[in-house]
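Below: start.txt (compact mmCIF, C-alpha atoms)
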```
# COMPACT_ATOMS: atom_id res chain seq x y z
CA MET M 1 0.00 0.00 0.00
CA ASP M 2 1.29 3.49 -0.78
CA ASP M 3 0.81 6.76 1.12
CA ASN M 4 -2.48 7.39 -0.70
CA ARG M 5 -3.74 4.12 0.77
CA ASP M 6 -3.86 2.52 -2.69
CA VAL M 7 -2.87 -1.10 -3.20
CA ARG M 8 0.29 -1.35 -5.30
CA GLU M 9 0.80 -5.08 -5.42
CA VAL M 10 -1.11 -8.13 -4.25
CA ASN M 11 -0.35 -11.85 -4.35
CA ALA M 12 -2.42 -14.60 -5.93
CA THR M 13 -3.43 -16.07 -2.58
CA LEU M 14 -5.23 -12.95 -1.42
CA CYS M 15 -6.89 -12.56 -4.83
CA ARG M 16 -8.15 -16.13 -4.54
CA LEU M 17 -9.37 -15.66 -0.95
CA LEU M 18 -11.24 -12.50 -1.88
CA GLY M 19 -12.42 -13.81 -5.26
CA TYR M 20 -11.05 -10.88 -7.27
CA GLU M 21 -8.72 -10.60 -10.24
CA LYS M 22 -5.36 -9.02 -9.53
CA GLN M 23 -6.04 -6.00 -11.75
CA GLY M 24 -9.26 -5.38 -9.84
CA ILE M 25 -7.36 -4.92 -6.58
CA CYS M 26 -4.20 -3.13 -7.71
CA GLY M 27 -4.75 0.60 -7.84
CA SER M 28 -7.90 0.56 -5.72
CA SER M 29 -7.78 1.81 -2.15
CA PHE M 30 -7.08 -0.73 0.56
CA GLU M 31 -10.04 0.60 2.52
CA SER M 32 -12.40 -0.39 -0.29
CA LEU M 33 -11.57 -4.03 0.49
CA LEU M 34 -12.68 -3.65 4.12
CA THR M 35 -16.09 -4.03 5.75
CA ARG M 36 -17.66 -0.80 7.03
CA SER M 37 -16.65 -1.35 10.65
CA SER M 38 -13.11 -2.25 9.60
CA GLN M 39 -12.87 0.90 7.46
CA VAL M 40 -13.55 2.94 10.58
CA PHE M 41 -11.20 0.91 12.72
CA PHE M 42 -8.54 1.28 10.03
CA GLN M 43 -8.93 5.08 10.06
CA LEU M 44 -9.06 5.34 13.86
CA TYR M 45 -6.22 3.03 14.75
CA PHE M 46 -4.24 1.69 11.83
CA LEU M 47 -3.36 4.96 10.08
CA PRO M 48 -2.30 6.90 13.21
CA LEU M 49 -0.33 3.90 14.51
CA ILE M 50 1.52 3.33 11.26
CA LYS M 51 2.36 7.06 11.08
CA LEU M 52 3.63 7.16 14.65
CA ASN M 53 5.26 3.73 14.91
CA ARG M 54 5.89 2.73 11.29
CA SER M 55 4.58 -0.71 12.12
CA VAL M 56 1.39 -2.38 13.29
CA GLU M 57 1.13 -5.88 14.63
CA GLU M 58 -1.71 -8.35 14.79
CA MET M 59 -4.62 -6.06 14.14
CA TYR M 60 -7.92 -7.84 13.63
CA LEU M 61 -9.82 -6.66 10.54
CA THR M 62 -12.48 -8.08 8.25
CA LEU M 63 -12.34 -7.96 4.44
CA LYS M 64 -15.19 -8.21 1.97
CA THR M 65 -15.10 -11.00 -0.59
CA SER M 66 -16.53 -10.70 -4.10
CA SER M 67 -19.35 -13.07 -3.19
CA GLY M 68 -20.48 -10.85 -0.33
CA GLY M 69 -18.77 -12.94 2.35
CA VAL M 70 -16.44 -11.77 5.09
CA LEU M 71 -12.80 -12.78 5.50
CA PRO M 72 -11.43 -12.21 9.03
CA VAL M 73 -7.68 -11.57 9.11
CA LEU M 74 -4.87 -10.55 11.40
CA LEU M 75 -2.83 -7.79 9.80
CA ASN M 76 0.87 -7.11 10.30
CA ALA M 77 2.28 -4.09 8.53
CA SER M 78 5.51 -2.15 8.35
CA GLY M 79 6.47 0.99 6.47
CA ALA M 80 9.63 1.70 4.51
CA GLU M 81 10.84 4.62 2.43
CA ARG M 82 11.25 3.59 -1.21
CA ASP M 83 11.83 5.85 -4.23
CA GLY M 84 11.19 8.96 -2.16
CA GLY M 85 7.81 7.87 -0.80
CA TRP M 86 6.45 5.66 1.96
CA VAL M 87 5.34 2.16 1.09
CA TYR M 88 3.66 -0.20 3.53
CA ASP M 89 4.12 -3.97 3.37
CA PHE M 90 1.15 -5.96 4.63
CA ILE M 91 0.98 -9.56 5.73
CA LEU M 92 -2.59 -10.81 6.10
CA MET M 93 -3.26 -14.01 7.98
CA PRO M 94 -6.75 -15.46 7.47
CA ILE M 95 -8.23 -16.57 10.78
CA CYS M 96 -11.54 -18.16 9.77
CA ARG M 97 -10.87 -21.28 11.85
CA ARG M 98 -9.59 -19.17 14.71
CA MET M 99 -12.84 -17.19 14.62
CA ASP M 100 -14.88 -20.42 14.60
CA TYR M 101 -12.89 -21.52 17.62
CA GLU M 102 -13.42 -18.18 19.36
CA GLN M 103 -17.12 -18.49 18.64
CA GLN M 104 -17.19 -21.98 20.11
CA ILE M 105 -15.44 -20.70 23.22
CA GLN M 106 -17.97 -17.91 23.46
CA GLN M 107 -20.86 -20.35 23.06
CA ALA M 108 -19.37 -22.67 25.66
CA LYS M 109 -18.96 -19.72 28.02
CA ASN M 110 -22.56 -18.69 27.50
CA ALA M 111 -23.77 -22.27 28.04
CA SER M 112 -21.73 -22.55 31.24
CA ARG M 113 -23.15 -19.23 32.48
CA GLN M 114 -26.69 -20.37 31.77
CA ALA M 115 -26.06 -23.70 33.52
CA ARG M 116 -24.64 -21.85 36.54
CA GLU M 117 -27.65 -19.56 36.69
CA GLU M 118 -29.96 -22.57 36.44
CA LEU M 119 -28.03 -24.27 39.25
CA GLU M 120 -28.33 -21.17 41.42
CA ARG M 121 -32.05 -21.03 40.74
CA ILE M 122 -32.50 -24.70 41.70
CA GLU M 123 -30.40 -24.27 44.85
CA LYS M 124 -32.53 -21.32 45.88
CA LEU M 125 -35.69 -23.34 45.30
CA LEU M 126 -34.24 -26.26 47.26
CA LYS M 127 -33.41 -23.98 50.19
CA LEU M 128 -36.93 -22.59 50.10
CA LYS M 129 -38.40 -26.11 50.18
CA ARG M 130 -36.06 -27.17 52.99
CA ASP M 131 -37.05 -24.15 55.06
CA GLU M 132 -40.67 -24.92 54.40
CA LEU M 133 -40.16 -28.53 55.43
CA ALA M 134 -38.36 -27.46 58.61
CA ARG M 135 -41.26 -25.15 59.45
CA ILE M 136 -43.82 -27.91 58.91
CA GLN M 137 -41.79 -30.36 60.99
CA GLY M 138 -41.28 -27.73 63.72
CA SER M 139 -44.99 -26.96 64.00
CA THR M 140 -46.05 -30.63 64.02
CA PRO M 141 -45.85 -32.21 67.47
CA VAL M 142 -43.33 -35.03 67.48
CA GLU M 143 -44.77 -38.24 68.78
CA MET R 144 -9.21 20.24 42.06
CA ASP R 145 -6.25 22.64 42.02
CA HIS R 146 -4.47 23.72 38.85
CA GLN R 147 -1.46 21.49 39.33
CA GLN R 148 -3.69 18.44 39.73
CA THR R 149 -5.43 19.25 36.45
CA PHE R 150 -2.09 19.54 34.66
CA VAL R 151 -1.05 16.10 35.93
CA ARG R 152 -4.43 14.46 35.38
CA ASN R 153 -4.61 15.53 31.73
CA ASN R 154 -0.83 15.47 31.08
CA VAL R 155 -0.98 19.14 30.01
CA GLN R 156 2.06 20.36 28.05
CA VAL R 157 2.50 24.07 27.32
CA THR R 158 5.15 25.20 24.83
CA GLY R 159 5.87 28.23 22.69
CA SER R 160 5.73 31.97 23.16
CA GLY R 161 2.99 34.49 22.57
CA THR R 162 0.18 35.58 24.84
CA GLN R 163 -2.80 33.69 23.48
CA HIS R 164 -3.42 30.00 24.20
CA LEU R 165 -3.89 27.61 21.29
CA ILE R 166 -5.37 24.42 22.74
CA PHE R 167 -5.30 21.18 20.74
CA ALA R 168 -7.95 18.61 21.66
CA HIS R 169 -7.23 15.15 20.26
CA GLY R 170 -9.85 12.80 18.87
CA PHE R 171 -10.63 9.18 19.41
CA GLY R 172 -7.76 6.69 19.21
CA CYS R 173 -4.47 8.04 20.51
CA GLY R 174 -3.66 11.08 22.59
CA GLN R 175 -1.92 14.43 22.16
CA ASN R 176 0.84 12.73 20.18
CA MET R 177 -1.42 12.93 17.12
CA TRP R 178 -0.69 16.68 16.96
CA ARG R 179 3.06 16.26 16.67
CA PHE R 180 3.20 17.13 12.95
CA VAL R 181 1.07 20.28 13.33
CA ALA R 182 1.47 21.83 16.79
CA PRO R 183 5.16 22.93 16.51
CA ALA R 184 4.29 25.26 13.60
CA PHE R 185 2.32 27.47 16.01
CA GLU R 186 4.84 27.73 18.84
CA GLU R 187 6.33 30.99 17.60
CA GLN R 188 3.06 32.90 17.80
CA TYR R 189 1.03 31.11 20.45
CA LYS R 190 1.23 29.37 23.76
CA VAL R 191 0.57 25.88 22.43
CA VAL R 192 -1.34 23.64 24.83
CA LEU R 193 -1.44 19.87 24.36
CA PHE R 194 -3.24 17.46 26.69
CA ASP R 195 -4.67 13.94 26.91
CA PHE R 196 -8.29 13.30 27.80
CA VAL R 197 -8.59 11.14 30.91
CA GLY R 198 -8.17 7.52 29.83
CA SER R 199 -6.08 8.43 26.75
CA GLY R 200 -2.36 8.85 26.19
CA LYS R 201 -0.45 9.61 29.37
CA SER R 202 -3.33 10.94 31.41
CA ASP R 203 -3.79 9.76 34.99
CA ILE R 204 -5.94 6.65 34.58
CA ARG R 205 -6.80 6.75 38.30
CA ALA R 206 -8.90 9.83 37.57
CA TYR R 207 -11.11 7.82 35.23
CA ASN R 208 -14.71 7.76 36.38
CA PRO R 209 -17.10 5.74 34.18
CA VAL R 210 -20.07 7.91 35.11
CA ARG R 211 -18.37 11.25 34.43
CA TYR R 212 -16.89 9.99 31.15
CA GLY R 213 -20.02 8.08 30.13
CA ASN R 214 -20.92 10.94 27.78
CA LEU R 215 -19.06 13.81 26.16
CA ASP R 216 -20.02 16.35 28.84
CA GLY R 217 -17.45 14.80 31.19
CA TYR R 218 -14.77 15.27 28.54
CA ALA R 219 -15.92 18.87 27.96
CA GLN R 220 -15.39 19.43 31.68
CA ASP R 221 -11.77 18.26 31.22
CA VAL R 222 -11.33 21.08 28.67
CA LEU R 223 -12.93 23.65 30.99
CA ASP R 224 -10.78 22.49 33.92
CA ILE R 225 -7.69 23.03 31.75
CA CYS R 226 -8.89 26.51 30.68
CA GLU R 227 -9.41 27.39 34.34
CA ALA R 228 -5.99 26.05 35.29
CA LEU R 229 -4.42 28.14 32.49
CA GLU R 230 -6.56 31.15 33.49
CA THR R 231 -7.28 31.73 29.82
CA ARG R 232 -10.10 33.94 28.56
CA ASP R 233 -9.45 34.09 24.81
CA ALA R 234 -8.29 30.60 23.90
CA ILE R 235 -8.41 29.20 20.40
CA LEU R 236 -9.39 25.56 20.52
CA VAL R 237 -8.43 23.18 17.71
CA GLY R 238 -10.39 19.94 18.04
CA HIS R 239 -10.21 16.83 15.92
CA SER R 240 -13.16 14.50 15.40
CA VAL R 241 -14.82 13.85 18.77
CA GLY R 242 -12.37 16.39 20.24
CA ALA R 243 -14.11 18.97 18.03
CA MET R 244 -17.54 18.06 19.40
CA ILE R 245 -16.15 18.16 22.94
CA GLY R 246 -14.78 21.66 22.18
CA ILE R 247 -18.21 22.76 20.95
CA LEU R 248 -19.83 21.54 24.19
CA ALA R 249 -17.18 23.27 26.32
CA SER R 250 -17.71 26.54 24.44
CA ILE R 251 -21.48 26.36 24.99
CA ARG R 252 -20.97 26.02 28.74
CA ARG R 253 -18.32 28.72 29.09
CA PRO R 254 -18.25 30.88 25.91
CA GLU R 255 -16.13 33.49 27.73
CA TYR R 256 -13.16 31.10 27.77
CA PHE R 257 -12.89 30.90 23.98
CA GLU R 258 -12.21 33.33 21.18
CA ARG R 259 -12.82 30.83 18.42
CA LEU R 260 -12.93 27.14 17.54
CA ILE R 261 -11.27 25.21 14.73
CA LEU R 262 -13.06 21.94 14.13
CA ILE R 263 -11.39 19.19 12.10
CA GLY R 264 -13.75 16.45 10.87
CA PRO R 265 -16.56 17.15 13.35
CA SER R 266 -19.85 15.26 13.49
CA ALA R 267 -22.81 15.99 15.76
CA ARG R 268 -24.29 12.55 15.11
CA TYR R 269 -22.77 9.52 13.40
CA ILE R 270 -25.94 7.52 12.84
CA ASN R 271 -28.19 8.33 9.88
CA ASP R 272 -31.55 9.84 10.73
CA LEU R 273 -33.18 9.65 7.32
CA PRO R 274 -34.55 11.46 5.44
CA ASP R 275 -33.35 14.59 7.27
CA TYR R 276 -29.86 13.67 8.35
CA ILE R 277 -26.93 11.70 6.95
CA GLY R 278 -24.37 10.78 9.57
CA GLY R 279 -22.82 8.07 7.45
CA PHE R 280 -23.59 5.04 9.63
CA GLU R 281 -26.36 2.65 10.42
CA ARG R 282 -26.56 1.60 14.04
CA GLU R 283 -25.48 -1.95 13.06
CA ASP R 284 -22.24 -0.56 11.55
CA LEU R 285 -21.35 1.02 14.86
CA LEU R 286 -22.25 -2.05 16.89
CA ALA R 287 -19.97 -4.00 14.53
CA LEU R 288 -17.24 -1.42 15.25
CA LEU R 289 -17.63 -1.94 19.01
CA ASP R 290 -17.44 -5.70 18.40
CA MET R 291 -14.28 -5.13 16.37
CA MET R 292 -12.78 -3.20 19.30
CA ASP R 293 -13.63 -6.09 21.62
CA LYS R 294 -12.01 -8.60 19.26
CA ASN R 295 -8.88 -6.47 19.06
CA ASP R 296 -8.86 -6.32 22.84
CA GLN R 297 -8.43 -10.10 23.09
CA GLY R 298 -5.02 -11.55 23.76
CA TRP R 299 -4.31 -12.78 20.25
CA ALA R 300 -4.79 -9.40 18.60
CA SER R 301 -2.87 -7.20 20.95
CA TYR R 302 -2.20 -4.11 18.84
CA LEU R 303 -2.47 -1.84 21.88
CA ALA R 304 -0.06 -3.71 24.10
CA PRO R 305 3.44 -2.27 24.20
CA VAL R 306 5.71 -4.72 22.40
CA ILE R 307 9.44 -4.34 22.72
CA MET R 308 10.98 -4.67 19.32
CA GLY R 309 13.68 -3.14 17.20
CA ASN R 310 12.53 -0.44 14.81
CA PRO R 311 14.95 -0.35 11.91
CA GLY R 312 16.62 3.00 11.48
CA ARG R 313 15.35 4.37 14.78
CA PRO R 314 16.65 4.16 18.30
CA GLN R 315 14.74 1.49 20.14
CA LEU R 316 13.98 3.71 23.11
CA SER R 317 12.17 6.33 21.06
CA ALA R 318 10.19 3.62 19.27
CA GLU R 319 8.99 2.28 22.60
CA LEU R 320 8.13 5.72 23.87
CA GLU R 321 6.07 6.48 20.80
CA ARG R 322 4.22 3.25 21.21
CA SER R 323 3.35 3.98 24.78
CA PHE R 324 2.20 7.49 23.80
CA CYS R 325 -0.44 5.82 21.69
CA ALA R 326 -1.47 3.35 24.36
CA THR R 327 -5.07 3.51 25.43
CA ASP R 328 -6.82 1.45 28.05
CA PRO R 329 -9.09 -0.84 25.94
CA LYS R 330 -11.99 -0.77 28.43
CA VAL R 331 -11.88 3.01 28.55
CA ALA R 332 -11.55 3.23 24.76
CA ARG R 333 -14.63 1.02 24.41
CA ARG R 334 -16.68 3.31 26.63
CA PHE R 335 -15.30 6.40 24.90
CA ALA R 336 -16.33 4.86 21.56
CA GLU R 337 -19.88 4.34 22.83
CA ALA R 338 -20.04 7.90 24.18
CA THR R 339 -18.74 9.15 20.82
CA PHE R 340 -20.43 7.12 18.14
CA LEU R 341 -23.86 6.62 19.68
CA SER R 342 -24.22 10.30 20.65
CA ASP R 343 -26.49 12.94 19.17
CA TYR R 344 -25.59 16.57 19.85
CA ARG R 345 -27.45 18.14 16.92
CA GLY R 346 -29.79 19.95 19.32
CA GLU R 347 -26.89 21.75 21.04
CA LEU R 348 -25.37 23.33 17.92
CA GLY R 349 -27.70 26.34 17.93
CA GLN R 350 -26.39 27.40 21.34
CA VAL R 351 -22.83 28.01 20.15
CA LYS R 352 -21.73 31.63 20.60
CA VAL R 353 -18.09 31.34 19.55
CA PRO R 354 -17.11 31.70 15.86
CA SER R 355 -15.58 28.67 14.24
CA LEU R 356 -13.86 27.16 11.21
CA ILE R 357 -14.96 23.70 10.07
CA LEU R 358 -12.25 21.78 8.22
CA GLN R 359 -13.77 18.98 6.21
CA CYS R 360 -11.70 16.25 4.55
CA ALA R 361 -12.62 14.75 1.22
CA GLU R 362 -13.54 11.06 1.33
CA ASP R 363 -13.84 10.88 5.10
CA VAL R 364 -15.41 7.52 6.02
CA ILE R 365 -16.03 8.63 9.61
CA ALA R 366 -17.29 12.22 9.32
CA PRO R 367 -18.77 12.54 5.81
CA LEU R 368 -19.28 15.81 3.96
CA GLU R 369 -22.95 15.88 4.98
CA ALA R 370 -22.04 15.78 8.69
CA GLY R 371 -19.62 18.72 8.34
CA ALA R 372 -22.11 20.68 6.26
CA TYR R 373 -24.85 20.06 8.84
CA ILE R 374 -22.69 21.50 11.62
CA THR R 375 -21.82 24.56 9.51
CA HIS R 376 -25.49 25.29 8.74
CA HIS R 377 -26.71 24.82 12.30
CA MET R 378 -23.93 26.56 14.18
CA PRO R 379 -23.96 30.36 14.24
CA GLY R 380 -20.65 31.82 13.06
CA GLY R 381 -19.42 28.65 11.38
CA GLU R 382 -17.17 28.91 8.33
CA PHE R 383 -16.74 25.85 6.09
CA GLN R 384 -13.55 24.78 4.36
CA LEU R 385 -13.21 21.64 2.26
CA MET R 386 -9.71 20.21 2.30
CA ASP R 387 -7.72 18.47 -0.43
CA ALA R 388 -6.72 15.97 2.26
CA THR R 389 -8.53 12.66 2.24
CA GLY R 390 -9.30 10.38 5.18
CA HIS R 391 -10.14 11.35 8.75
CA CYS R 392 -6.81 12.50 10.18
CA PRO R 393 -5.51 15.37 7.99
CA HIS R 394 -3.30 16.57 10.87
CA MET R 395 -1.37 13.31 10.47
CA SER R 396 -1.69 12.57 6.76
CA HIS R 397 -1.61 16.15 5.39
CA PRO R 398 -0.03 18.32 8.09
CA GLU R 399 1.14 21.08 5.69
CA GLU R 400 -2.36 21.78 4.36
CA THR R 401 -3.82 21.59 7.87
CA ILE R 402 -1.28 24.13 9.18
CA ARG R 403 -1.78 26.44 6.20
CA LEU R 404 -5.58 26.53 6.55
CA ILE R 405 -5.48 27.11 10.30
CA GLN R 406 -2.92 29.91 9.88
CA ALA R 407 -4.95 31.55 7.10
CA TYR R 408 -8.11 31.46 9.21
CA LEU R 409 -6.38 32.88 12.27
CA ALA R 410 -4.72 35.61 10.17
CA SER R 411 -8.04 36.71 8.65
CA ALA R 412 -9.72 36.53 12.06
CA GLY R 413 -6.88 38.55 13.57
CA SER R 414 -7.09 41.32 10.95
CA ALA R 415 -10.89 41.45 11.27
CA ARG R 416 -10.48 41.89 15.00
CA LYS R 417 -7.95 44.71 14.55
CA ALA R 418 -10.25 46.48 12.07
CA GLU R 419 -13.04 46.27 14.61
CA LEU R 420 -10.82 47.74 17.32
CA ARG R 421 -9.88 50.69 15.08
CA ARG R 422 -13.52 51.58 14.52
```
Could you spell out this file's structure in structure tokens?
Amino acid sequence: MDDNRDVREVNATLCRLLGYEKQGICGSSFESLLTRSSQVFFQLYFLPLIKLNRSVEEMYLTLKTSSGGVLPVLLNASGAERDGGWVYDFILMPICRRMDYEQQIQQAKNASRQAREELERIEKLLKLKRDELARIQGSTPVE
Amino acid sequence: MDHQQTFVRNNVQVTGSGTQHLIFAHGFGCGQNMWRFVAPAFEEQYKVVLFDFVGSGKSDIRAYNPVRYGNLDGYAQDVLDICEALETRDAILVGHSVGAMIGILASIRRPEYFERLILIGPSARYINDLPDYIGGFEREDLLALLDMMDKNDQGWASYLAPVIMGNPGRPQLSAELERSFCATDPKVARRFAEATFLSDYRGELGQVKVPSLILQCAEDVIAPLEAGAYITHHMPGGEFQLMDATGHCPHMSHPEETIRLIQAYLASAGSARKAELRR
């Protein structure tokens, strides 16, 4: 990517993942490949960070594919001065499986929270019943 | 809170000569470090004031109060506290993005503190309210943004954590320092994002009494042309200037143009003021 945020060069793997031809990506702005929320995140965090630090590591972003799908990636980038201008090298790591895994963790967490809440509810009910039983036993004369 | 406490809380840095204060209010993301390409150009003529909002940059995180900073009024109070600590009565405030909106709110509460405002990429509301208002976003877009912040806050995508690494061609120490300047507490940033992007301050614009310049970038995906135009039309004394700069951070991407437009505005405002005094 150059200083105007345009893509200069892209490899065949990313073209395949996104479902675009190479000439469709080269020359267009990198932001145009991003989902709306990632465009904002890119403006808010990526651009200031790369200006201040000249590198960005492991930033989570989502790209749009030609079929309307979403490709989650981790982005590493570093800037270098070449031919009198700044050029930024990007390495994108697709993390579809990672995201599935994260989702499973999240689902498992939610299930465990629900189970815990259910357990608490049952324990409360049990205590109520025990108290009730104790009251009944206490008021009934023991023979 | 005494003046010294305010200076520490907001990491206030005053440089330059001159009598009038030029206060730079940063936007969402980093802290005062974002002004580093622009602020030095004004040190000859003004007392340049840089600061970090509580929870950003090198502010005192212990001063963070989720209730106070749950909406932009708490941040506006930070600005007013700084004005009081500086004992300024004719400050020029340059605000970027949400920092611009915070400046507007501060000027409504205490107009006597400010001579004028310079607003870079402001938006009074980010969510569309069709057919009368285009903010640029649907609510779902912004919820997706908050989700994106959460995902980036997880261990495996730790862009905010300070990582010690060599930076080719630069001394390692300065690289680390820069990184930490940009550090933001993710929980605080999340809440700041909610206070920023889900807010609606359109109703307040009519109460502004301080003249202002609105600097609008071309192709800004965060504060679109319509949002800047809306502010200009609904704020008394607002002057609109479209920039050649694209994106949302012209003070970082196009510092020369940003400096030139601010200087030109201040020069014309200064000569208008002198002409008025002569009359």
Can you build me a table of region 210-242 of chain R residues sitting at most 12 Å from region 187-193 of chain R, with the closest atom pair per residue and its distance in Å to one decimal, using all atoms listed in the file, sorted by chain and residue number, as CSV?
```
residue,atom,partner,partner_atom,distance
R:Val222,CA,R:Leu193,CA,10.9
R:Ile225,CA,R:Val192,CA,9.4
R:Cys226,CA,R:Val192,CA,10.0
R:Ala228,CA,R:Val192,CA,11.7
R:Leu229,CA,R:Val192,CA,9.4
R:Thr231,CA,R:Lys190,CA,10.7
R:Asp233,CA,R:Lys190,CA,11.7
R:Ala234,CA,R:Lys190,CA,9.6
R:Ile235,CA,R:Tyr189,CA,9.6
R:Leu236,CA,R:Val192,CA,9.3
R:Val237,CA,R:Val192,CA,10.1
R:Gly238,CA,R:Leu193,CA,11.0
```
**Message:** So the first atom is CA of Ala366 (chain R) and the second is CA of Pro48 (chain M); what is the distance between them in Å, to one decimal place?
**Reply:**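 Going from CA of Ala366 (chain R) over to CA of Pro48 (chain M) covers 16.4 Å.
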**Request:** Would you please work out which residue, of R:Ile247, R:Ala287, R:Ala338, R:Met144, is nearest to Leu215 (chain R) when using all atoms listed in the file?
**Result:**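 Of the candidates, the smallest distance to Leu215 (chain R) is held by R:Ala338.
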Mind running chain M against chain R at 10 Å and telling me each contacting residue's nearest atom pair with the distance in Å (one decimal), counting only C-alpha atoms, chain and number ascending, as a tab-separated table?
```
residue	atom	partner	partner_atom	distance
M:Asp3	CA	R:Ser396	CA	8.5
M:Asn4	CA	R:Thr389	CA	8.5
M:Arg5	CA	R:Gly390	CA	9.5
M:Glu31	CA	R:Val364	CA	9.4
M:Thr35	CA	R:Asp284	CA	9.1
M:Arg36	CA	R:Asp284	CA	6.4
M:Ser37	CA	R:Leu288	CA	4.6
M:Ser38	CA	R:Leu288	CA	7.0
M:Gln39	CA	R:Val364	CA	7.2
M:Val40	CA	R:Ile365	CA	6.3
M:Phe41	CA	R:Leu288	CA	7.0
M:Gln43	CA	R:His391	CA	6.5
M:Leu44	CA	R:Gly172	CA	5.7
M:Tyr45	CA	R:Gly172	CA	6.0
M:Phe46	CA	R:Tyr302	CA	9.3
M:Leu47	CA	R:Cys392	CA	8.3
M:Pro48	CA	R:Met395	CA	7.0
M:Leu49	CA	R:Cys325	CA	7.4
M:Lys51	CA	R:Met395	CA	7.3
M:Leu52	CA	R:Glu321	CA	6.7
M:Asn53	CA	R:Arg322	CA	6.4
M:Arg54	CA	R:Asn310	CA	8.2
M:Ser55	CA	R:Asn310	CA	8.4
M:Val56	CA	R:Tyr302	CA	6.8
M:Glu57	CA	R:Tyr302	CA	5.7
M:Glu58	CA	R:Ala300	CA	5.0
M:Met59	CA	R:Ala300	CA	5.6
M:Tyr60	CA	R:Asn295	CA	5.7
M:Leu61	CA	R:Met291	CA	7.5
M:Thr62	CA	R:Met291	CA	8.8
M:Leu74	CA	R:Ala300	CA	7.3
M:Leu75	CA	R:Ala300	CA	9.2
M:Asn76	CA	R:Tyr302	CA	9.6
M:Ser78	CA	R:Asn310	CA	9.7
M:Ala80	CA	R:Pro311	CA	9.3
M:Arg98	CA	R:Trp299	CA	10.0
M:Met99	CA	R:Lys294	CA	9.8
M:Glu102	CA	R:Lys294	CA	9.7
```
**Message:** Just to confirm, what's the straight-line distance from CA of Gly413 (chain R) to CA of Val157 (chain R) in Å (one decimal)?
**Reply:**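 Interatomic distance, CA of Gly413 (chain R) to CA of Val157 (chain R): 22.1 Å.
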**Message:** Quick one: residues within 12 Å of Thr65 (chain M), all atoms listed in the file, excluding same-chain residues fewer than 2 positions away - as a PyMOL selection string?
**Reply:** chain M and resi 14-21+25+32-35+62-63+67-72
**Long-range neighbours of Glu347 (chain R) as number ranges by chain, 10 Å cut-off, only C-alpha atoms, 4 positions minimum in chain** = R: 247-248, 251, 267, 343, 351, 377-378
**Message:** I'd like the interatomic distance between CA of Arg333 (chain R) and CA of Pro209 (chain R), to a tenth of an Å.
**Reply:** 11.1 Å
